[in-house]
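Notes for the one structure printed next.
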Amino acid sequence: MGRLVLRRLLATIPVLLLVSGGVFLLIHLTPGDPIDAMMAESVDATVKENLRRELGLDRPLYLQYVSWMGRVLQGDLGRSIRNREPVIENVGRRIRPSLQLAALAMTISLLIAVPVGVLSAARRNGPVDRAGTTFALFGICMPNFLLALLLIFLFGVTLRWLPISGYVDPLEEPWDGLRALVLPAVTLGLALAAVVTRTLRASMLEALAEDYVRTARAKGLSEGAVIRSHVLKNALIPVVTVLGLQLGTLIGGAVITEYVFALPGVGRLVVDAVFARDYPLVQGVVLLIAVGFILSNLAVDLLYGWIDPRIRPR
Amino acid sequence: MAGSTPGSGLAEGEPARAPAAAPVTSPRWRALRRAAGARLAPFGVAVLLTALVVAIFAPAISPYDPLKQDLGHTLAPPSRAHLLGTDNVGRDVLARMIWGTRVSLVAGFVSVAIAMAVGGVLGLVAGYAGGRTDGLVMRCMDAVLSFPPLVLALALGAVLGAGLTGVVIALGVVYTPTFARLMRGQVLSITAREYVHAARALGATGWRIAVTHVLPNALAPIVVQASLSVAFAILAEASLSFLGLGIQPPAASWGSMINAGRGYLQQAPWIVFGPGAALFLTVVGLNFVGDAVRDALDPRLLD
């Protein structure tokens with residue numbers, strides 16, 4: 001296990017280097033002068049020159065990269081052009097709503113997917129299975145933003161049960177906070193639930209056909225006991241993998257969900273930075289998101305090795 | 001095409017695999033899937049054909065100029081004059097939806113074509129050259145895959161500038177690694193086969209082997225992946241347009257129409273639900289077509 005961890009960590013290093021290089025080059029891909037793209041033409045030439053020097057754009061490319069990388073490794077991701085605050089602080093302020101949203105969405109998706117997936121497989125071709133399969137297809141093809149607007153239309157505009165935008169910290173005001181997060185979390189959670197339902201159903205069907213299940217049945221165990229203690233445990237392994245694979249989709253979905261519901265999260269920060277042409281902020285946030293994504297994928301990989309001893313290297 | 005008899009390719013592949021087949025892929029289960037495919041594929045093909053016809057003949061079938069404002073009839077509900085109502089500046093929603101089909105299909109097909117071409121070549125080179133070239137190309141692909149797709153597309157869109165070209169390039173980059181990995185895997189497995197050894201023994205050059213033996217044999221899974229990717233590319237274009245990065249107003253795209261309509265959800269929900277339904281149906285239809293192509297071309301890829 002220790003060797004697996006070490007090997008995976010080492011394999012991450014070249015990818016991290018390339019990712020940082022890509023993010024660094026981002027600003028140089030701008031057609032024309034990046035400074036002109038960031039600031040209106042009317043801005044004073046000396047202000048532009050100062051920014052150019054601050055960002056180091058007047059120096060050769062490789063020197064820029066080395067000094068940028070040096071600063072990044074010390075935790076300095078630069079400053080936002082708009083509010084002049086360090087990127088880290090900008091992200092720090094926004095991280096809490098994003099994590100709360102992701103946690104709630106994950107919970108909702110598992111609360112839906114586990115019972116539906118299990119029942120679908122246990123009673124194949126039954127009504128639950130049919131409804132579940134249709135739901136899975138619906139969830140996978142439904143654009144996030146459209147689902148968000150449907151939910152807003154139904155629960156916010158027509159029924160007026162839930163707020164349709166804004167954020168209250170649930171750690172400070174639990175009731176209002178949760179109410180504000182319900183619609184965004186359902187939006188994000190349903191798509192995930194669809195994928196998990198599909199995977200769980202398929203892996204349950206596979207496990208149900210194993211010899212040990214026949215043995216368990218032959219012993220006289222009830223079907224419920226067979227599923228609980230023999231099938232479900234084995235069927236959950238692919239679900240962990242899929243949850244890991246879905247992280248990228250989850251992050252992308254969070255960007256759109258936060259945008260629609262005006263949640264002050266990291267996703268919203270990216271969109272705002274892109275439209276303000278605040279390139280240092282875009283660079284910093286995208287780098288942080290990518291590193292977070294790589295590390296969580298690494299964690300899922302290791303978790304997988306821990307759950308399923310068969311894939312551990314000897 | 002492939003949608004007409006998606007089961008046929010599968011049935012042919014069946015006997016050879018039957019002994020090793022796990023019970024999930026038992027003949028009954030296969031037959032079930034085949035039936036599902038047969039039932040849904042025609043729907044998918046119909047949706048795709050309709051979308052293509054609408055996109056090609058948009059100028060002829062559009063009831064109004066999609067950009068013409070009519071400030072006397074803003075937010076008008078669906079009626080005989082405006083089948084899907086009008087938007088906040090009195091433009092016909094149906095006309096804009098019809099023109100938006102063009103944007104969606106172009107974005108979906110062109111971005112996947114770019115990814116297929118670039119990824120295919122990179123995968124071919126990596127798999128064929130091996131060694132350092134392979135390592136470098138594939139690590140670069142890993143790096144691209146290390147970004148959540150939408151975040152990468154947003155960042156690229158930001159530097160390439162808003163508009164259809166920027167979005168198509170951004171999505172092309174996002175989907176490239178999938179094709180590169182697929183192609184590399186194919187090359188590695190095909191170059192190990194005996195007929196490639198035979199060709200090499202006969203003195204065929206590396207390039208000749210790549211073009212006449214590897215490429216044709218590697219194409220099936222690439223086509224399957226492409227047909228499934230188009231649906232997601234259309235979804236991604238709509239998402240970027242929704243965020244404001246895609247094609248710029250006043251030109252119409254489904255995503256931007258939905259974004260523009262969200263402020264009027266209470267007074268005029270039709271602004272959102274017309275293009276929303278078009279987007280959803282297209283993606284569902286393309287998924288069915290993709291599944292059918294997969295079943296027809298490669299029974300081993302069944303999930």
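Within each chain, counting starts at residue 1; across the structure tokens, chains are named A, B, ... in the order shown, with ligands numbered 1 upward in that order.
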
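Contact shell of range 71-76 of chain B at 12 Å (only C-alpha atoms; same-chain neighbours under 3 positions omitted): Lys68, Ser79, Arg80, Ala81, His82, Leu83, Leu84, Gly85, Thr86, Asp87, Asn88, Val89, Gly90, Arg91, Asp92, Val93, Gly261, Gly263, Tyr264, Leu265, Gln266, Gln267, Ala268, Pro269, Trp270, Ile271 and Val272 of chain B.
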
Go ahead and save the picked residues with N, CA and C atoms, as an mmCIF file, in the first residue's frame.
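Output saved as out-v2.cif:
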data_model
loop_
_atom_site.group_PDB
_atom_site.id
_atom_site.type_symbol
_atom_site.label_atom_id
_atom_site.label_comp_id
_atom_site.auth_asym_id
_atom_site.auth_seq_id
_atom_site.Cartn_x
_atom_site.Cartn_y
_atom_site.Cartn_z
ATOM 1 N N LYS B 68 -35.143 40.310 -36.019
ATOM 2 C CA LYS B 68 -36.063 41.434 -36.154
ATOM 3 C C LYS B 68 -36.831 41.653 -34.851
ATOM 4 N N SER B 79 -48.947 31.911 -29.968
ATOM 5 C CA SER B 79 -50.215 32.185 -30.640
ATOM 6 C C SER B 79 -50.052 31.717 -32.082
ATOM 7 N N ARG B 80 -51.058 31.960 -32.886
ATOM 8 C CA ARG B 80 -50.960 31.525 -34.268
ATOM 9 C C ARG B 80 -49.881 32.302 -35.024
ATOM 10 N N ALA B 81 -49.756 33.587 -34.715
ATOM 11 C CA ALA B 81 -48.739 34.403 -35.396
ATOM 12 C C ALA B 81 -47.334 34.016 -34.924
ATOM 13 N N HIS B 82 -47.173 33.768 -33.642
ATOM 14 C CA HIS B 82 -45.879 33.365 -33.083
ATOM 15 C C HIS B 82 -46.081 32.056 -32.334
ATOM 16 N N LEU B 83 -45.764 30.940 -33.029
ATOM 17 C CA LEU B 83 -46.094 29.617 -32.477
ATOM 18 C C LEU B 83 -45.477 29.377 -31.105
ATOM 19 N N LEU B 84 -44.285 29.907 -30.879
ATOM 20 C CA LEU B 84 -43.639 29.712 -29.573
ATOM 21 C C LEU B 84 -43.499 31.033 -28.824
ATOM 22 N N GLY B 85 -44.293 32.031 -29.210
ATOM 23 C CA GLY B 85 -44.244 33.305 -28.516
ATOM 24 C C GLY B 85 -43.093 34.183 -28.960
ATOM 25 N N THR B 86 -42.954 35.324 -28.274
ATOM 26 C CA THR B 86 -41.860 36.238 -28.590
ATOM 27 C C THR B 86 -41.057 36.515 -27.328
ATOM 28 N N ASP B 87 -39.834 37.046 -27.519
ATOM 29 C CA ASP B 87 -38.980 37.316 -26.350
ATOM 30 C C ASP B 87 -39.108 38.759 -25.884
ATOM 31 N N ASN B 88 -38.192 39.181 -25.028
ATOM 32 C CA ASN B 88 -38.329 40.487 -24.390
ATOM 33 C C ASN B 88 -38.188 41.677 -25.335
ATOM 34 N N VAL B 89 -37.669 41.454 -26.557
ATOM 35 C CA VAL B 89 -37.660 42.572 -27.505
ATOM 36 C C VAL B 89 -38.527 42.232 -28.712
ATOM 37 N N GLY B 90 -39.432 41.274 -28.547
ATOM 38 C CA GLY B 90 -40.404 40.970 -29.590
ATOM 39 C C GLY B 90 -39.886 40.110 -30.722
ATOM 40 N N ARG B 91 -38.744 39.434 -30.530
ATOM 41 C CA ARG B 91 -38.265 38.536 -31.576
ATOM 42 C C ARG B 91 -38.984 37.200 -31.465
ATOM 43 N N ASP B 92 -39.212 36.563 -32.613
ATOM 44 C CA ASP B 92 -39.944 35.299 -32.642
ATOM 45 C C ASP B 92 -39.066 34.175 -32.067
ATOM 46 N N VAL B 93 -39.567 33.476 -31.041
ATOM 47 C CA VAL B 93 -38.750 32.449 -30.371
ATOM 48 C C VAL B 93 -38.491 31.268 -31.305
ATOM 49 N N GLY B 261 -33.600 34.373 -21.374
ATOM 50 C CA GLY B 261 -34.983 34.208 -20.930
ATOM 51 C C GLY B 261 -35.129 34.001 -19.443
ATOM 52 N N GLY B 263 -34.486 35.733 -16.917
ATOM 53 C CA GLY B 263 -35.026 36.856 -16.163
ATOM 54 C C GLY B 263 -36.534 37.008 -16.327
ATOM 55 N N TYR B 264 -37.095 36.323 -17.309
ATOM 56 C CA TYR B 264 -38.534 36.459 -17.583
ATOM 57 C C TYR B 264 -39.281 35.162 -17.300
ATOM 58 N N LEU B 265 -38.722 34.338 -16.421
ATOM 59 C CA LEU B 265 -39.296 33.016 -16.171
ATOM 60 C C LEU B 265 -40.750 33.120 -15.727
ATOM 61 N N GLN B 266 -41.065 34.185 -14.984
ATOM 62 C CA GLN B 266 -42.420 34.312 -14.464
ATOM 63 C C GLN B 266 -43.400 34.772 -15.549
ATOM 64 N N GLN B 267 -43.012 35.849 -16.299
ATOM 65 C CA GLN B 267 -43.951 36.390 -17.292
ATOM 66 C C GLN B 267 -43.956 35.574 -18.577
ATOM 67 N N ALA B 268 -42.808 35.053 -18.989
ATOM 68 C CA ALA B 268 -42.714 34.439 -20.318
ATOM 69 C C ALA B 268 -41.839 33.185 -20.304
ATOM 70 N N PRO B 269 -42.303 32.116 -19.625
ATOM 71 C CA PRO B 269 -41.473 30.903 -19.531
ATOM 72 C C PRO B 269 -41.158 30.289 -20.890
ATOM 73 N N TRP B 270 -41.952 30.607 -21.931
ATOM 74 C CA TRP B 270 -41.714 29.986 -23.247
ATOM 75 C C TRP B 270 -40.366 30.369 -23.845
ATOM 76 N N ILE B 271 -39.814 31.527 -23.433
ATOM 77 C CA ILE B 271 -38.507 31.918 -23.979
ATOM 78 C C ILE B 271 -37.462 30.873 -23.602
ATOM 79 N N VAL B 272 -37.595 30.321 -22.370
ATOM 80 C CA VAL B 272 -36.643 29.324 -21.900
ATOM 81 C C VAL B 272 -37.020 27.930 -22.389
#

Neighbours of chain A in chain B at 8 Å, counting only C-alpha atoms, as an MDAnalysis selection string: chainID B and resid 22:24 139:140 142:144 146:152 154:156 158:161 235 239 242:243 258 262 265:266 276 280 283:284

Shortest interatomic distance to Arg181 in chain B - which of B:Gly163, B:Gly123, B:Gly274, B:Gly206, counting only C-alpha atoms: B:Gly123

Residues flagged alpha helix (DSSP H) by DSSP in range 44-218 of chain B, as a PyMOL selection string: chain B and resi 44-56+58-61+93-129+131-145+149-160+164-191+194-201+206-209+215-218

Residue selection dump (C-alpha atoms) as a compact mmCIF listing (two decimals), in the first residue's frame:
# COMPACT_ATOMS: atom_id res chain seq x y z
CA GLY B 44 -32.62 9.15 -32.34
CA VAL B 45 -32.09 9.06 -36.09
CA ALA B 46 -35.33 10.98 -36.63
CA VAL B 47 -34.23 13.67 -34.19
CA LEU B 48 -30.80 13.94 -35.81
CA LEU B 49 -32.24 14.14 -39.33
CA THR B 50 -34.79 16.75 -38.27
CA ALA B 51 -32.05 18.82 -36.66
CA LEU B 52 -29.90 18.55 -39.79
CA VAL B 53 -32.76 19.56 -42.09
CA VAL B 54 -33.71 22.46 -39.84
CA ALA B 55 -30.09 23.64 -39.67
CA ILE B 56 -29.52 23.42 -43.42
CA ALA B 58 -33.04 27.52 -41.65
CA PRO B 59 -33.47 30.51 -43.99
CA ALA B 60 -36.35 28.80 -45.82
CA ILE B 61 -38.34 27.45 -42.88
CA VAL B 93 -38.75 32.45 -30.37
CA LEU B 94 -39.35 29.74 -32.99
CA ALA B 95 -37.29 31.59 -35.61
CA ARG B 96 -34.42 32.04 -33.18
CA MET B 97 -34.65 28.39 -32.16
CA ILE B 98 -34.41 27.31 -35.80
CA TRP B 99 -31.33 29.44 -36.40
CA GLY B 100 -29.87 28.26 -33.11
CA THR B 101 -29.93 24.69 -34.41
CA ARG B 102 -27.17 25.67 -36.83
CA VAL B 103 -24.93 26.92 -34.07
CA SER B 104 -25.47 23.80 -31.95
CA LEU B 105 -24.80 21.32 -34.73
CA VAL B 106 -21.79 23.20 -36.08
CA ALA B 107 -20.30 23.45 -32.59
CA GLY B 108 -20.98 19.80 -31.83
CA PHE B 109 -19.72 18.28 -35.06
CA VAL B 110 -16.80 20.61 -35.79
CA SER B 111 -15.34 20.45 -32.29
CA VAL B 112 -15.51 16.65 -32.26
CA ALA B 113 -14.01 16.53 -35.77
CA ILE B 114 -11.08 18.66 -34.58
CA ALA B 115 -10.60 16.48 -31.51
CA MET B 116 -10.82 13.33 -33.61
CA ALA B 117 -8.25 14.55 -36.14
CA VAL B 118 -5.77 16.03 -33.66
CA GLY B 119 -6.24 13.32 -31.04
CA GLY B 120 -6.11 10.59 -33.65
CA VAL B 121 -2.81 11.82 -35.08
CA LEU B 122 -1.28 12.35 -31.64
CA GLY B 123 -2.37 8.89 -30.52
CA LEU B 124 -1.03 7.32 -33.71
CA VAL B 125 2.32 9.08 -33.32
CA ALA B 126 2.58 8.24 -29.61
CA GLY B 127 1.61 4.62 -30.01
CA TYR B 128 3.78 4.13 -33.04
CA ALA B 129 6.90 6.01 -31.98
CA GLY B 131 9.62 5.74 -25.99
CA ARG B 132 10.11 9.40 -25.17
CA THR B 133 7.71 10.74 -27.79
CA ASP B 134 5.01 8.51 -26.39
CA GLY B 135 5.75 9.63 -22.85
CA LEU B 136 5.74 13.31 -23.73
CA VAL B 137 2.54 13.22 -25.81
CA MET B 138 0.63 11.16 -23.28
CA ARG B 139 1.75 13.25 -20.29
CA CYS B 140 0.49 16.31 -22.17
CA MET B 141 -2.83 14.56 -22.69
CA ASP B 142 -2.92 13.69 -18.98
CA ALA B 143 -2.33 17.34 -18.22
CA VAL B 144 -5.29 18.38 -20.38
CA LEU B 145 -7.41 15.75 -18.63
CA PRO B 149 -13.65 20.01 -18.80
CA LEU B 150 -15.92 23.00 -18.35
CA VAL B 151 -13.30 24.95 -16.40
CA LEU B 152 -10.73 24.33 -19.13
CA ALA B 153 -13.19 25.36 -21.83
CA LEU B 154 -14.01 28.52 -19.85
CA ALA B 155 -10.35 29.42 -19.41
CA LEU B 156 -9.57 28.79 -23.09
CA GLY B 157 -12.69 30.66 -24.13
CA ALA B 158 -11.55 33.56 -21.99
CA VAL B 159 -8.24 33.92 -23.81
CA LEU B 160 -9.53 33.03 -27.28
CA LEU B 164 -18.32 30.38 -31.99
CA THR B 165 -14.70 29.92 -33.19
CA GLY B 166 -13.28 30.24 -29.70
CA VAL B 167 -15.82 27.79 -28.28
CA VAL B 168 -15.24 25.24 -31.04
CA ILE B 169 -11.47 25.36 -30.55
CA ALA B 170 -11.82 25.19 -26.77
CA LEU B 171 -14.10 22.14 -26.97
CA GLY B 172 -11.81 20.57 -29.55
CA VAL B 173 -8.93 20.82 -27.08
CA VAL B 174 -11.07 19.43 -24.25
CA TYR B 175 -12.03 16.30 -26.20
CA THR B 176 -8.63 15.66 -27.84
CA PRO B 177 -7.09 13.50 -25.05
CA THR B 178 -9.96 11.00 -25.16
CA PHE B 179 -9.27 10.31 -28.83
CA ALA B 180 -5.50 10.31 -28.39
CA ARG B 181 -5.73 7.71 -25.61
CA LEU B 182 -8.14 5.59 -27.58
CA MET B 183 -6.01 5.70 -30.72
CA ARG B 184 -2.80 4.95 -28.83
CA GLY B 185 -4.38 1.92 -27.18
CA GLN B 186 -5.59 0.69 -30.55
CA VAL B 187 -2.18 1.16 -32.14
CA LEU B 188 -0.46 -0.72 -29.33
CA SER B 189 -2.82 -3.67 -29.58
CA ILE B 190 -2.84 -3.76 -33.38
CA THR B 191 0.93 -3.49 -33.87
CA GLU B 194 0.70 -11.18 -36.49
CA TYR B 195 -0.32 -9.51 -39.72
CA VAL B 196 1.65 -6.45 -38.70
CA HIS B 197 4.67 -8.62 -37.97
CA ALA B 198 4.17 -10.24 -41.36
CA ALA B 199 3.98 -6.86 -43.11
CA ARG B 200 7.15 -5.75 -41.33
CA ALA B 201 8.94 -8.96 -42.32
CA GLY B 206 6.53 2.03 -40.60
CA TRP B 207 4.45 4.71 -42.26
CA ARG B 208 2.93 2.21 -44.70
CA ILE B 209 1.99 -0.14 -41.87
CA LEU B 215 -5.48 3.09 -39.12
CA PRO B 216 -8.36 1.17 -40.75
CA ASN B 217 -8.46 -1.36 -37.92
CA ALA B 218 -8.39 1.31 -35.23

For CA of Pro78 in chain B and CA of Gly139 in chain A, the interatomic separation in Å (one decimal):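 Pair CA of Pro78 in chain B / CA of Gly139 in chain A returns 28.0 Å.
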
Which polymer residues have any atom within 12 Å of an atom of Leu183 in chain A, counting only C-alpha atoms, with same-chain residues fewer than 4 positions away left out, as a compact mmCIF listing (two decimals) with C-alpha atoms, in the first residue's frame?
# COMPACT_ATOMS: atom_id res chain seq x y z
CA LEU A 101 -22.94 22.80 -2.17
CA LEU A 104 -25.11 18.46 -0.03
CA ALA A 105 -25.31 17.50 -3.72
CA ILE A 108 -28.72 13.99 -2.21
CA ASN A 144 -27.59 21.49 -15.71
CA PHE A 145 -28.75 25.03 -16.34
CA LEU A 147 -32.78 21.70 -14.83
CA ALA A 148 -31.92 24.64 -12.58
CA LEU A 149 -34.40 26.87 -14.41
CA LEU A 150 -37.10 24.18 -14.30
CA LEU A 151 -36.63 23.85 -10.53
CA ILE A 152 -36.67 27.64 -10.12
CA PHE A 153 -39.83 27.85 -12.21
CA LEU A 154 -41.57 25.12 -10.22
CA PHE A 155 -40.45 25.67 -6.62
CA GLY A 156 -39.41 29.31 -6.68
CA TRP A 161 -41.56 27.38 -1.50
CA LEU A 162 -37.87 28.08 -1.78
CA PRO A 163 -35.61 31.06 -2.44
CA ILE A 164 -34.24 31.12 -6.00
CA SER A 165 -30.95 32.89 -5.43
CA GLY A 166 -28.55 34.13 -2.81
CA TYR A 167 -26.61 32.47 -0.04
CA GLY A 177 -28.96 28.41 4.89
CA LEU A 178 -30.27 24.97 4.00
CA ARG A 179 -33.32 26.42 2.27
CA THR A 187 -29.72 20.59 -9.50
CA LEU A 188 -26.19 19.35 -9.04
CA GLY A 189 -27.16 16.13 -7.28
CA LEU A 190 -29.68 14.81 -9.81
CA THR A 257 -25.17 26.02 -10.70
CA GLU A 258 -23.44 28.76 -8.72
CA VAL A 260 -27.63 30.43 -11.99
CA PHE A 261 -28.39 30.62 -8.28
CA ALA A 262 -26.01 33.53 -7.58
CA LEU A 263 -24.08 31.52 -4.98

A:Arg228, A:Asp301, A:Ala102, A:Tyr212 ranked by distance to Leu9 in chain A, top pick (using only C-alpha atoms):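 Distance minimum relative to Leu9 in chain A lands on A:Asp301.
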
Atom pair CA of Glu237 in chain B / CA of Ala162 in chain B: separation (Å):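 Taking CA of Glu237 in chain B as the start and CA of Ala162 in chain B as the end point, the length is 11.7 Å.
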
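Shortest atom-to-atom contact with Asp33 in chain A among A:Glu173, A:Asn50, A:Gly284, A:Asp58: A:Asp58, counting only C-alpha atoms.
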
Between CA of Pro280 in chain A and CA of Ser80 in chain A - distance in Å to one decimal: 5.9 Å
